[in-house]
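Data from data-v1.cif: mmCIF, C-alpha atoms and all ligand atoms
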data_input
#
loop_
_atom_site.label_atom_id
_atom_site.label_comp_id
_atom_site.auth_asym_id
_atom_site.auth_seq_id
_atom_site.Cartn_x
_atom_site.Cartn_y
_atom_site.Cartn_z
CA MET A 1 -77.11 -247.95 -82.08
CA GLY A 2 -76.15 -251.61 -81.96
CA GLN A 3 -76.00 -252.27 -78.20
CA SER A 4 -75.98 -255.96 -77.56
CA GLU A 5 -76.24 -255.97 -73.77
CA THR A 6 -78.99 -257.96 -72.14
CA ILE A 7 -81.49 -256.01 -70.08
CA LEU A 8 -83.91 -257.46 -67.54
CA LEU A 9 -87.30 -255.76 -67.75
CA THR A 10 -89.47 -256.48 -64.72
CA GLY A 11 -93.15 -255.82 -65.41
CA GLY A 12 -92.29 -255.86 -69.10
CA ALA A 13 -95.73 -257.12 -70.15
CA GLY A 14 -97.51 -254.17 -68.55
CA TYR A 15 -98.59 -250.91 -70.11
CA ILE A 16 -95.39 -248.87 -69.89
CA GLY A 17 -93.18 -251.96 -69.73
CA SER A 18 -94.42 -253.32 -73.06
CA HIS A 19 -93.80 -250.02 -74.86
CA THR A 20 -90.34 -249.86 -73.30
CA TYR A 21 -89.65 -253.43 -74.45
CA VAL A 22 -90.22 -252.34 -78.05
CA ALA A 23 -88.07 -249.22 -77.65
CA LEU A 24 -85.20 -251.20 -76.09
CA VAL A 25 -85.25 -253.87 -78.80
CA GLU A 26 -85.35 -251.14 -81.46
CA ALA A 27 -82.30 -249.57 -79.79
CA GLY A 28 -80.42 -252.87 -80.18
CA TYR A 29 -80.72 -254.33 -76.68
CA ARG A 30 -81.57 -257.94 -75.95
CA VAL A 31 -84.43 -257.87 -73.48
CA ILE A 32 -85.71 -260.44 -71.00
CA ILE A 33 -89.06 -259.95 -69.31
CA LEU A 34 -90.03 -260.96 -65.79
CA ASP A 35 -93.75 -260.55 -65.18
CA ASP A 36 -96.33 -262.22 -62.95
CA PHE A 37 -99.24 -261.17 -65.22
CA SER A 38 -101.16 -259.77 -62.27
CA ASN A 39 -101.99 -256.73 -64.40
CA ALA A 40 -101.13 -257.82 -67.93
CA LYS A 41 -102.32 -260.36 -70.46
CA ARG A 42 -100.15 -263.14 -71.84
CA SER A 43 -101.22 -262.19 -75.36
CA VAL A 44 -98.98 -259.11 -74.98
CA LEU A 45 -95.98 -261.40 -75.53
CA THR A 46 -97.25 -262.47 -78.95
CA ARG A 47 -97.88 -258.84 -79.82
CA LEU A 48 -94.35 -257.91 -78.76
CA ALA A 49 -92.88 -260.68 -80.92
CA GLN A 50 -94.95 -259.37 -83.84
CA LEU A 51 -93.86 -255.78 -83.27
CA THR A 52 -90.17 -256.54 -82.89
CA ARG A 53 -90.09 -259.29 -85.54
CA VAL A 54 -88.50 -261.86 -83.26
CA ASN A 55 -89.76 -265.42 -83.04
CA GLU A 56 -90.28 -265.49 -79.34
CA VAL A 57 -90.11 -263.08 -76.45
CA THR A 58 -88.07 -264.38 -73.54
CA CYS A 59 -90.24 -264.15 -70.46
CA TYR A 60 -89.95 -265.59 -66.97
CA GLU A 61 -93.36 -265.81 -65.35
CA GLY A 62 -93.24 -264.88 -61.68
CA SER A 63 -92.94 -262.18 -59.10
CA VAL A 64 -90.08 -259.93 -58.02
CA LEU A 65 -90.89 -261.22 -54.55
CA ASP A 66 -89.62 -264.66 -55.56
CA GLY A 67 -85.93 -264.57 -54.62
CA ALA A 68 -85.23 -268.05 -56.03
CA LEU A 69 -86.69 -267.11 -59.39
CA LEU A 70 -84.67 -263.88 -59.44
CA ARG A 71 -81.49 -265.84 -58.74
CA ARG A 72 -82.31 -268.20 -61.60
CA VAL A 73 -82.92 -265.33 -64.02
CA PHE A 74 -79.54 -263.79 -63.17
CA GLU A 75 -77.76 -267.17 -63.33
CA GLU A 76 -79.21 -268.10 -66.70
CA ASN A 77 -78.53 -264.77 -68.37
CA GLU A 78 -75.68 -262.33 -68.45
CA ILE A 79 -77.61 -259.24 -67.53
CA ALA A 80 -76.00 -255.79 -67.83
CA ALA A 81 -78.74 -253.74 -66.20
CA VAL A 82 -82.34 -253.82 -65.01
CA VAL A 83 -85.33 -251.66 -65.90
CA HIS A 84 -87.76 -252.15 -63.03
CA PHE A 85 -91.49 -251.60 -63.61
CA ALA A 86 -93.04 -254.44 -61.64
CA ALA A 87 -95.09 -252.71 -58.94
CA ARG A 88 -98.58 -251.86 -57.84
CA LYS A 89 -99.78 -248.47 -59.05
CA ALA A 90 -103.37 -247.68 -58.09
CA VAL A 91 -103.39 -244.69 -55.77
CA GLY A 92 -106.88 -245.35 -54.35
CA GLU A 93 -106.31 -249.08 -53.83
CA SER A 94 -103.11 -248.34 -51.92
CA SER A 95 -105.11 -246.67 -49.15
CA GLU A 96 -107.19 -249.84 -48.77
CA LYS A 97 -104.30 -252.30 -49.02
CA PRO A 98 -101.15 -250.52 -47.81
CA LEU A 99 -99.44 -253.78 -46.82
CA ALA A 100 -99.74 -255.16 -50.33
CA TYR A 101 -98.16 -251.95 -51.65
CA PHE A 102 -95.32 -252.01 -49.12
CA GLU A 103 -94.65 -255.64 -49.94
CA THR A 104 -94.67 -255.52 -53.75
CA ASN A 105 -93.17 -252.06 -54.21
CA CYS A 106 -90.61 -251.94 -51.38
CA SER A 107 -89.84 -255.60 -50.56
CA GLY A 108 -89.95 -256.41 -54.28
CA LEU A 109 -87.35 -253.74 -54.97
CA LEU A 110 -85.14 -254.98 -52.12
CA LYS A 111 -85.29 -258.58 -53.33
CA LEU A 112 -84.38 -257.46 -56.80
CA LEU A 113 -81.45 -255.38 -55.55
CA ALA A 114 -80.19 -258.28 -53.41
CA ALA A 115 -80.30 -260.61 -56.41
CA MET A 116 -78.49 -258.00 -58.49
CA GLU A 117 -75.80 -257.47 -55.86
CA ALA A 118 -75.15 -261.23 -55.67
CA VAL A 119 -74.12 -261.26 -59.34
CA ASP A 120 -72.61 -257.78 -59.33
CA VAL A 121 -75.21 -256.17 -61.60
CA ARG A 122 -75.55 -252.67 -60.19
CA ARG A 123 -77.38 -250.50 -62.68
CA LEU A 124 -81.12 -250.06 -62.58
CA VAL A 125 -83.69 -247.72 -64.11
CA PHE A 126 -86.50 -247.15 -61.63
CA SER A 127 -90.15 -246.20 -62.29
CA SER A 128 -91.06 -243.36 -60.02
CA THR A 129 -93.88 -240.89 -60.28
CA ALA A 130 -94.70 -237.22 -60.08
CA THR A 131 -96.99 -238.16 -57.20
CA VAL A 132 -93.87 -237.96 -55.00
CA TYR A 133 -94.31 -234.17 -55.12
CA GLY A 134 -97.56 -234.48 -53.14
CA ASP A 135 -99.78 -231.41 -53.33
CA PRO A 136 -97.31 -228.81 -54.58
CA ALA A 137 -97.78 -225.12 -53.82
CA PRO A 138 -98.63 -223.23 -57.06
CA GLU A 139 -95.40 -221.23 -56.88
CA LEU A 140 -93.45 -224.50 -57.27
CA LEU A 141 -94.84 -225.03 -60.80
CA PRO A 142 -93.39 -226.14 -63.13
CA LEU A 143 -92.02 -228.80 -60.80
CA LYS A 144 -88.27 -229.20 -60.61
CA GLU A 145 -86.69 -232.38 -59.27
CA ASP A 146 -85.52 -230.59 -56.13
CA ALA A 147 -89.08 -229.63 -55.12
CA PRO A 148 -90.00 -231.03 -51.70
CA LEU A 149 -91.29 -234.62 -51.65
CA ASN A 150 -94.45 -235.48 -49.83
CA TYR A 151 -96.84 -238.40 -49.94
CA MET A 152 -100.63 -238.31 -50.02
CA SER A 153 -101.12 -242.09 -50.36
CA PRO A 154 -99.35 -245.33 -49.39
CA TYR A 155 -98.54 -245.71 -53.11
CA ALA A 156 -96.67 -242.39 -53.18
CA PHE A 157 -95.00 -243.34 -49.90
CA THR A 158 -93.63 -246.54 -51.46
CA LYS A 159 -92.12 -244.56 -54.32
CA ILE A 160 -90.53 -241.97 -52.01
CA MET A 161 -89.19 -244.73 -49.80
CA SER A 162 -87.82 -246.63 -52.81
CA GLU A 163 -86.14 -243.50 -54.16
CA GLN A 164 -84.54 -242.87 -50.78
CA MET A 165 -83.33 -246.46 -50.48
CA LEU A 166 -81.75 -246.18 -53.92
CA GLU A 167 -80.07 -242.91 -52.96
CA GLN A 168 -78.47 -244.50 -49.89
CA ILE A 169 -77.44 -247.65 -51.76
CA ALA A 170 -75.84 -245.51 -54.47
CA ALA A 171 -73.98 -243.58 -51.79
CA SER A 172 -72.67 -246.84 -50.28
CA HIS A 173 -70.64 -247.93 -53.29
CA ALA A 174 -69.63 -246.15 -56.51
CA SER A 175 -70.52 -249.14 -58.68
CA TRP A 176 -74.25 -248.74 -58.04
CA ALA A 177 -76.00 -246.35 -60.43
CA PHE A 178 -79.71 -245.67 -60.62
CA GLY A 179 -81.82 -243.78 -63.12
CA VAL A 180 -84.87 -242.59 -61.21
CA LEU A 181 -87.61 -241.50 -63.61
CA ARG A 182 -90.54 -239.50 -62.25
CA TYR A 183 -93.36 -240.00 -64.71
CA PHE A 184 -96.08 -237.43 -65.08
CA ASN A 185 -99.31 -238.76 -66.65
CA PRO A 186 -98.55 -241.47 -69.23
CA VAL A 187 -101.28 -241.98 -71.85
CA GLY A 188 -101.70 -243.13 -75.44
CA ALA A 189 -100.62 -246.32 -77.18
CA HIS A 190 -98.22 -247.72 -79.74
CA PRO A 191 -99.09 -246.46 -83.27
CA SER A 192 -99.51 -250.08 -84.47
CA GLY A 193 -102.56 -250.47 -82.23
CA LEU A 194 -101.09 -253.75 -80.96
CA ILE A 195 -100.26 -252.70 -77.41
CA GLY A 196 -101.84 -250.16 -75.09
CA GLU A 197 -103.41 -249.65 -71.70
CA ASP A 198 -105.99 -252.29 -70.92
CA PRO A 199 -107.65 -251.82 -67.53
CA SER A 200 -109.98 -254.70 -66.73
CA ASP A 201 -112.28 -252.75 -64.39
CA ILE A 202 -113.89 -249.34 -64.74
CA PRO A 203 -110.83 -247.13 -65.15
CA ASN A 204 -109.79 -244.66 -62.47
CA ASN A 205 -107.60 -242.62 -64.75
CA LEU A 206 -108.82 -239.97 -67.12
CA MET A 207 -107.84 -241.14 -70.59
CA PRO A 208 -108.80 -244.81 -70.20
CA TYR A 209 -112.15 -243.61 -68.84
CA ILE A 210 -112.68 -241.24 -71.76
CA SER A 211 -111.77 -244.03 -74.19
CA LYS A 212 -114.61 -246.13 -72.78
CA VAL A 213 -117.01 -243.21 -73.19
CA ALA A 214 -115.82 -242.88 -76.80
CA ALA A 215 -116.37 -246.61 -77.32
CA GLY A 216 -119.91 -246.31 -75.97
CA GLU A 217 -119.18 -248.53 -72.95
CA LEU A 218 -119.71 -245.74 -70.43
CA PRO A 219 -122.34 -243.01 -70.81
CA HIS A 220 -120.29 -239.90 -70.02
CA LEU A 221 -117.16 -238.63 -68.32
CA ASN A 222 -117.55 -237.44 -64.75
CA VAL A 223 -115.39 -234.33 -64.49
CA PHE A 224 -114.14 -234.33 -60.91
CA GLY A 225 -114.56 -230.65 -60.01
CA ASN A 226 -114.81 -227.51 -62.13
CA ASP A 227 -114.07 -225.07 -59.33
CA TYR A 228 -110.28 -225.44 -59.14
CA ASP A 229 -108.12 -222.38 -59.48
CA THR A 230 -107.31 -223.12 -63.13
CA PRO A 231 -108.43 -221.29 -66.33
CA ASP A 232 -111.45 -223.57 -66.96
CA GLY A 233 -111.81 -224.75 -63.35
CA THR A 234 -110.82 -228.38 -64.08
CA GLY A 235 -107.65 -230.19 -62.99
CA ILE A 236 -104.45 -229.68 -64.97
CA ARG A 237 -101.90 -232.45 -65.56
CA ASP A 238 -98.85 -233.02 -67.70
CA TYR A 239 -99.79 -235.84 -70.11
CA ILE A 240 -96.96 -237.69 -71.81
CA HIS A 241 -97.27 -240.14 -74.70
CA VAL A 242 -96.22 -243.62 -73.55
CA SER A 243 -93.90 -243.92 -76.57
CA ASP A 244 -92.08 -240.75 -75.49
CA LEU A 245 -91.90 -242.17 -71.98
CA ALA A 246 -90.47 -245.44 -73.33
CA ALA A 247 -87.82 -243.49 -75.25
CA GLY A 248 -86.89 -241.78 -71.97
CA HIS A 249 -86.10 -245.18 -70.44
CA VAL A 250 -83.74 -246.05 -73.28
CA MET A 251 -81.98 -242.70 -72.81
CA SER A 252 -81.71 -243.22 -69.07
CA LEU A 253 -80.30 -246.71 -69.56
CA ASN A 254 -77.85 -245.51 -72.22
CA ARG A 255 -76.57 -242.89 -69.80
CA LEU A 256 -76.23 -245.33 -66.91
CA LEU A 257 -74.28 -247.76 -69.05
CA ALA A 258 -72.10 -245.05 -70.60
CA THR A 259 -71.28 -243.03 -67.49
CA ASN A 260 -72.22 -245.18 -64.50
CA GLU A 261 -73.63 -241.98 -63.01
CA GLY A 262 -77.11 -241.98 -61.52
CA HIS A 263 -79.79 -239.39 -62.14
CA VAL A 264 -83.23 -238.36 -60.92
CA VAL A 265 -85.32 -236.78 -63.67
CA ASN A 266 -88.87 -235.77 -64.44
CA LEU A 267 -90.35 -237.30 -67.57
CA GLY A 268 -93.11 -234.99 -68.70
CA SER A 269 -93.82 -232.64 -71.56
CA GLY A 270 -93.54 -229.53 -69.43
CA GLN A 271 -97.05 -228.53 -70.52
CA GLY A 272 -100.30 -228.82 -68.62
CA HIS A 273 -103.72 -229.69 -70.05
CA SER A 274 -107.07 -229.46 -68.30
CA VAL A 275 -109.62 -232.29 -68.09
CA LEU A 276 -111.87 -230.45 -70.55
CA GLU A 277 -108.99 -229.95 -73.00
CA VAL A 278 -108.25 -233.68 -72.93
CA LEU A 279 -111.93 -234.50 -73.45
CA ALA A 280 -112.12 -232.13 -76.45
CA ALA A 281 -108.93 -233.59 -77.94
CA TYR A 282 -110.30 -237.12 -77.60
CA GLY A 283 -113.50 -235.97 -79.27
CA ARG A 284 -111.41 -234.79 -82.25
CA ALA A 285 -109.66 -238.17 -82.36
CA CYS A 286 -112.84 -240.26 -82.36
CA GLY A 287 -114.86 -237.86 -84.48
CA ARG A 288 -117.63 -236.85 -82.10
CA GLU A 289 -118.10 -234.57 -79.14
CA LEU A 290 -118.01 -236.66 -75.98
CA PRO A 291 -120.54 -236.12 -73.19
CA HIS A 292 -119.53 -235.10 -69.67
CA GLU A 293 -121.11 -234.19 -66.38
CA ILE A 294 -119.61 -232.12 -63.62
CA ALA A 295 -119.12 -234.24 -60.49
CA PRO A 296 -117.72 -233.38 -57.05
CA ARG A 297 -113.95 -233.12 -56.60
CA ARG A 298 -112.20 -236.46 -56.07
CA ALA A 299 -110.56 -236.82 -52.67
CA GLY A 300 -106.81 -236.39 -52.80
CA ASP A 301 -106.74 -234.62 -56.20
CA VAL A 302 -104.65 -231.51 -56.63
CA ALA A 303 -105.53 -228.57 -58.89
CA ALA A 304 -102.52 -228.55 -61.18
CA TYR A 305 -99.11 -229.94 -61.71
CA TYR A 306 -96.73 -230.17 -64.61
CA ALA A 307 -93.06 -230.81 -65.05
CA ASP A 308 -90.04 -228.67 -65.48
CA ALA A 309 -88.57 -230.95 -68.13
CA SER A 310 -85.21 -229.21 -68.46
CA ARG A 311 -83.08 -231.63 -66.44
CA ALA A 312 -84.15 -234.61 -68.57
CA ALA A 313 -83.32 -232.55 -71.67
CA ALA A 314 -79.89 -231.54 -70.35
CA LEU A 315 -78.85 -234.93 -68.92
CA LEU A 316 -80.52 -237.39 -71.27
CA GLY A 317 -81.27 -235.33 -74.39
CA PHE A 318 -84.91 -236.14 -73.71
CA GLU A 319 -87.79 -234.22 -75.21
CA THR A 320 -91.36 -235.22 -75.95
CA ARG A 321 -92.27 -235.48 -79.63
CA ARG A 322 -95.95 -236.33 -79.49
CA SER A 323 -98.80 -233.85 -78.87
CA LEU A 324 -102.04 -234.25 -76.92
CA ASP A 325 -103.81 -234.93 -80.24
CA ASP A 326 -101.27 -237.69 -80.98
CA MET A 327 -101.90 -239.20 -77.55
CA CYS A 328 -105.67 -239.28 -78.10
CA ALA A 329 -105.43 -240.53 -81.69
CA SER A 330 -103.14 -243.42 -80.70
CA SER A 331 -105.36 -244.32 -77.73
CA TRP A 332 -108.42 -244.39 -79.97
CA ASN A 333 -106.57 -246.42 -82.60
CA TRP A 334 -105.72 -248.99 -79.91
CA ILE A 335 -109.33 -249.13 -78.73
CA VAL A 336 -110.75 -249.71 -82.20
CA THR A 337 -108.05 -252.14 -83.35
CA GLY A 338 -105.85 -253.97 -80.85
CA ALA A 339 -107.61 -253.81 -77.49
CA LYS A 340 -110.63 -255.83 -78.55
CA GLU A 341 -108.93 -259.11 -79.43
CA ALA A 342 -106.12 -258.87 -76.86
N1 LIG B 401 -110.41 -237.05 -63.79
C1 LIG B 401 -111.75 -236.78 -64.02
N2 LIG B 401 -112.59 -237.83 -64.22
C2 LIG B 401 -112.18 -239.13 -64.20
C3 LIG B 401 -110.80 -239.41 -63.97
C4 LIG B 401 -109.95 -238.34 -63.76
O1 LIG B 401 -112.17 -235.63 -64.03
O2 LIG B 401 -113.00 -240.04 -64.39
C5 LIG B 401 -109.48 -235.93 -63.60
C6 LIG B 401 -108.78 -235.91 -62.25
O3 LIG B 401 -109.57 -235.26 -61.29
C7 LIG B 401 -107.48 -235.18 -62.57
C8 LIG B 401 -107.19 -235.60 -64.02
O4 LIG B 401 -108.43 -236.07 -64.54
O5 LIG B 401 -107.69 -233.79 -62.58
C9 LIG B 401 -106.17 -236.72 -64.13
O6 LIG B 401 -106.55 -237.80 -63.31
P1 LIG B 401 -105.88 -239.25 -63.43
O7 LIG B 401 -106.59 -240.14 -62.48
O8 LIG B 401 -105.82 -239.66 -64.86
O9 LIG B 401 -104.38 -239.01 -63.00
P2 LIG B 401 -103.75 -238.46 -61.63
O10 LIG B 401 -103.03 -237.20 -61.99
O11 LIG B 401 -104.74 -238.38 -60.55
O12 LIG B 401 -102.74 -239.63 -61.23
C10 LIG B 401 -101.97 -240.30 -62.20
C11 LIG B 401 -101.78 -241.75 -61.80
C12 LIG B 401 -100.85 -241.88 -60.63
C13 LIG B 401 -99.59 -241.17 -60.91
C14 LIG B 401 -99.85 -239.75 -61.29
C15 LIG B 401 -98.55 -239.11 -61.66
O13 LIG B 401 -103.01 -242.34 -61.44
O14 LIG B 401 -100.54 -243.24 -60.42
O15 LIG B 401 -100.75 -239.67 -62.38
O16 LIG B 401 -98.71 -237.82 -62.03
F1 LIG B 401 -98.81 -241.22 -59.82
#
Can the structure in the file be given as structure tokens, please?
Amino acid sequence: MGQSETILLTGGAGYIGSHTYVALVEAGYRVIILDDFSNAKRSVLTRLAQLTRVNEVTCYEGSVLDGALLRRVFEENEIAAVVHFAARKAVGESSEKPLAYFETNCSGLLKLLAAMEAVDVRRLVFSSTATVYGDPAPELLPLKEDAPLNYMSPYAFTKIMSEQMLEQIAASHASWAFGVLRYFNPVGAHPSGLIGEDPSDIPNNLMPYISKVAAGELPHLNVFGNDYDTPDGTGIRDYIHVSDLAAGHVMSLNRLLATNEGHVVNLGSGQGHSVLEVLAAYGRACGRELPHEIAPRRAGDVAAYYADASRAAALLGFETRRSLDDMCASSWNWIVTGAKEA
């Protein structure tokens, strides 16, 4: 496409951020990363250079809470827009450390917006989450963007609050424009096997946990409840390949830059898969049936949710291209190739 604008990518060394870095560079953008490496490895930068065939990735090491650093980044670069990932994202942890979540996710966003305003950069793509829909009534499925918002954790609260701050800032002045992207369940990895999700502890989320069972590091998957009101009794989610999600960010940014009009869109496939379906698909990817045990329901889990993906299609031209089998195959490829030496 040949865009030459410079984009600031906060949290660009993280799981979704790193995949979006590659997609932005492939779309012709010049990208600068700001990351404090609290949940990412420095080796990601070498991998990104390898993937995008550039000599060096430009990265400022530090936090979005550091106003002086933010000012320096905007002074030293002519930035056209920001894609903002840097945030805390563990639902369970947020109930134990709400202050840390309010600080990084809300204060961090405010500091970033203040630094942007000072240099008149007013376009930002924001990472939100389907968790803002809370525990949706079954008749609301598939979830449209105008479904009621409700939080079940401090994490979800920070995302609702951030979305609402952005809405009011956008209303204050026509030059602000925000692309708010509500992710469903991002999984999978880059087909090269060079970047992927790399949780250091025992994973909370389904696919990283299954990948450790497949790798023989954990004995079996605990299926959290098989008595939900779903066809096989296990929880249903809308899994989206991280590369499709990354493409959605490029489309959102393209639209912001082209129209200066904001948008709030779901990024999901529109299709739900149960825990047992995901486990079976991963078994196909790694070539053996993976063991599971039925465990009690996990507190705070909901039976089912999946996206109505039509607004993203209409506004951004977004559609997912990768199947559940693709998600599992790319995850397994990452586990057996890239993740080990990262
Ligand atoms: N599950 C298991 N066993 C596990 C882990 C998960 O059975 O070991 C089940 C859950 O009960 C649920 C499904 O797998 O039914 C998916 O669970 P995840 O933890 O992978 O994902 P969640 O839908 O709970 O939440 C995720 C992210 C949130 C994000 C949300 C957006 O953790 O940060 O998706 O939809 F906000």
*Quick one: residues within 7 Å of Cys328 of chain A, all atoms listed in the file counted, chain neighbours fewer than 4 positions away excluded, as a ChimeraX atom specification?*
/A:188,281-282,285,324,332
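Here atom CA of Lys111 of chain A is placed at a distance of 13.1 Å from atom CA of Gly62 of chain A.
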Kindly provide the residues of segment 55-161 of chain A that approach segment 245-269 of chain A to within 9 Å, each paired with its closest atom pair and their distance in Å to one decimal, based on only C-alpha atoms, listed by chain and increasing number, as CSV.
residue,atom,partner,partner_atom,distance
A:Ala80,CA,A:Leu257,CA,8.3
A:Ala81,CA,A:Leu253,CA,7.9
A:Val82,CA,A:Leu253,CA,8.7
A:Val83,CA,A:His249,CA,7.9
A:Arg123,CA,A:Leu256,CA,6.8
A:Leu124,CA,A:Leu253,CA,7.8
A:Val125,CA,A:Leu253,CA,6.5
A:Thr129,CA,A:Asn266,CA,8.3
A:Ala130,CA,A:Asn266,CA,7.4
A:Leu143,CA,A:Asn266,CA,8.5
A:Lys144,CA,A:Asn266,CA,7.6
A:Glu145,CA,A:Val265,CA,6.4
With C-alpha atoms retained, export the selected residues as a PDB file, keeping the file's coordinate frame.
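Everything below was put into part-v3.pdb:
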ATOM      1  CA  ALA A  80     -76.000-255.790 -67.830  1.00  0.00           C
ATOM      2  CA  ALA A  81     -78.740-253.740 -66.200  1.00  0.00           C
ATOM      3  CA  VAL A  82     -82.340-253.820 -65.010  1.00  0.00           C
ATOM      4  CA  VAL A  83     -85.330-251.660 -65.900  1.00  0.00           C
ATOM      5  CA  ARG A 123     -77.380-250.500 -62.680  1.00  0.00           C
ATOM      6  CA  LEU A 124     -81.120-250.060 -62.580  1.00  0.00           C
ATOM      7  CA  VAL A 125     -83.690-247.720 -64.110  1.00  0.00           C
ATOM      8  CA  THR A 129     -93.880-240.890 -60.280  1.00  0.00           C
ATOM      9  CA  ALA A 130     -94.700-237.220 -60.080  1.00  0.00           C
ATOM     10  CA  LEU A 143     -92.020-228.800 -60.800  1.00  0.00           C
ATOM     11  CA  LYS A 144     -88.270-229.200 -60.610  1.00  0.00           C
ATOM     12  CA  GLU A 145     -86.690-232.380 -59.270  1.00  0.00           C
TER      13      GLU A 145
END
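With a cut-off of 7 Å and using all atoms listed in the file, the polymer residues contacting ligand LIG 401 (chain B) are Lys89, Ala90, Val91, Thr129, Ala130, Thr131, Tyr183, Phe184, Asn185, Asn204, Asn205, Leu206, Met207, Tyr209, Leu221, Asn222, Val223, Phe224, Gly225, Thr234, Gly235, Ile236, Arg237, Val275, Arg297, Arg298, Asp301 and Ala303 of chain A.
The spacing separating atom CA of Gln50 of chain A from atom CA of Ile195 of chain A amounts to 10.7 Å.
One distance worth recording is that between atom CA of Ile79 of chain A and atom CA of Gly317 of chain A, which is 25.1 Å.
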*Might you pull out every residue within 12 Å of Glu76 of chain A, with only C-alpha atoms counted and same-chain residues fewer than 5 positions away left off, and present them as a PyMOL selection string?*
chain A and resi 6+8+32+58+60+69-71+119
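When only C-alpha atoms are used to compute distances to Ser192 of chain A, the closest of the residues A:Ser38, A:Ser330, A:Thr46, A:Thr320 turns out to be A:Ser330.
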*Select, from A:Asp66, A:His84, A:Ala189, A:Arg30, the residue with the minimum atom-to-atom distance to Leu9 of chain A, counting all atoms listed in the file.*
A:His84
Sorted by chain and rising residue number, which residues of segment 144-217 of chain A lie within 7 Å of segment 14-28 of chain A, and what are their closest atom pairs and distances in Å to one decimal, counting all atoms listed in the file, as a tab-separated table?
residue	atom	partner	partner_atom	distance
A:His190	CA	A:His19	CA	7.0
A:Gly196	CA	A:Tyr15	CA	6.0
A:Glu197	CA	A:Tyr15	CA	5.2
Restricted to C-alpha atoms, what would the selected residues look like written as a tab-separated table (two decimals), keeping the file's coordinate frame?
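Contents of part_12.tsv, freshly written:
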chain	number	residue	atom	x	y	z
A	190	HIS	CA	-98.22	-247.72	-79.74
A	196	GLY	CA	-101.84	-250.16	-75.09
A	197	GLU	CA	-103.41	-249.65	-71.70
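With all atoms listed in the file as the basis for measurement, A:Ala177 is the residue among A:Val54, A:Ile294, A:Leu315, A:Ala177 that approaches Arg122 of chain A most closely.
Across A:Asp35, A:Glu319, A:Glu117, A:Asp232, the tightest approach to Ala86 of chain A is made by A:Asp35 when counting all atoms listed in the file.
Using all atoms listed in the file, the smallest distance between any of A:Ala68, A:Ala49, A:Leu194, A:Ala312 and Ala115 of chain A comes from A:Ala68.
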*Shell around Ser162 of chain A at 10 Å using all atoms listed in the file, local window under 4 positions removed, as a count of residues only*: 15
*Name all residues at most 7 Å from Ser94 of chain A (count all atoms listed in the file; drop same-chain ones fewer than 3 positions away) and give them as a PyMOL selection string.*
chain A and resi 90-91+97-98+101+153-155
Provide an axis-aligned box for all listed atoms of segment 216-231 of chain A, padding each side by 4 Å; report its centre and its edge lengths in Å to one decimal, as AutoDock Vina command-line options.
--center_x -114.8 --center_y -234.9 --center_z -67.6 --size_x 23.0 --size_y 35.2 --size_z 24.8
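Of the listed residues (A:Gly92, A:Pro148, A:Gly287, A:Pro138), A:Gly92 comes nearest to Gly300 of chain A; the distances count all atoms listed in the file.
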Could N, CA and C atoms be built for segment 255-265 of chain A and written out as a CSV table (one decimal), keeping the file's coordinate frame?
chain,number,residue,atom,x,y,z
A,255,ARG,N,-77.4,-243.7,-70.6
A,255,ARG,CA,-76.6,-242.9,-69.8
A,255,ARG,C,-76.0,-243.7,-68.6
A,256,LEU,N,-76.8,-244.5,-68.0
A,256,LEU,CA,-76.2,-245.3,-66.9
A,256,LEU,C,-75.1,-246.2,-67.4
A,257,LEU,N,-75.3,-246.8,-68.5
A,257,LEU,CA,-74.3,-247.8,-69.0
A,257,LEU,C,-73.0,-247.0,-69.5
A,258,ALA,N,-73.2,-245.8,-70.1
A,258,ALA,CA,-72.1,-245.0,-70.6
A,258,ALA,C,-71.3,-244.4,-69.5
A,259,THR,N,-72.0,-243.9,-68.5
A,259,THR,CA,-71.3,-243.0,-67.5
A,259,THR,C,-71.2,-243.7,-66.1
A,260,ASN,N,-72.1,-244.6,-65.8
A,260,ASN,CA,-72.2,-245.2,-64.5
A,260,ASN,C,-72.6,-244.1,-63.5
A,261,GLU,N,-73.2,-243.0,-63.9
A,261,GLU,CA,-73.6,-242.0,-63.0
A,261,GLU,C,-75.2,-242.0,-62.9
A,262,GLY,N,-75.7,-242.0,-61.7
A,262,GLY,CA,-77.1,-242.0,-61.5
A,262,GLY,C,-77.7,-240.6,-61.8
A,263,HIS,N,-79.1,-240.6,-61.9
A,263,HIS,CA,-79.8,-239.4,-62.1
A,263,HIS,C,-81.2,-239.5,-61.7
A,264,VAL,N,-81.8,-238.4,-61.3
A,264,VAL,CA,-83.2,-238.4,-60.9
A,264,VAL,C,-83.9,-237.3,-61.8
A,265,VAL,N,-84.8,-237.7,-62.7
A,265,VAL,CA,-85.3,-236.8,-63.7
A,265,VAL,C,-86.8,-236.9,-63.8
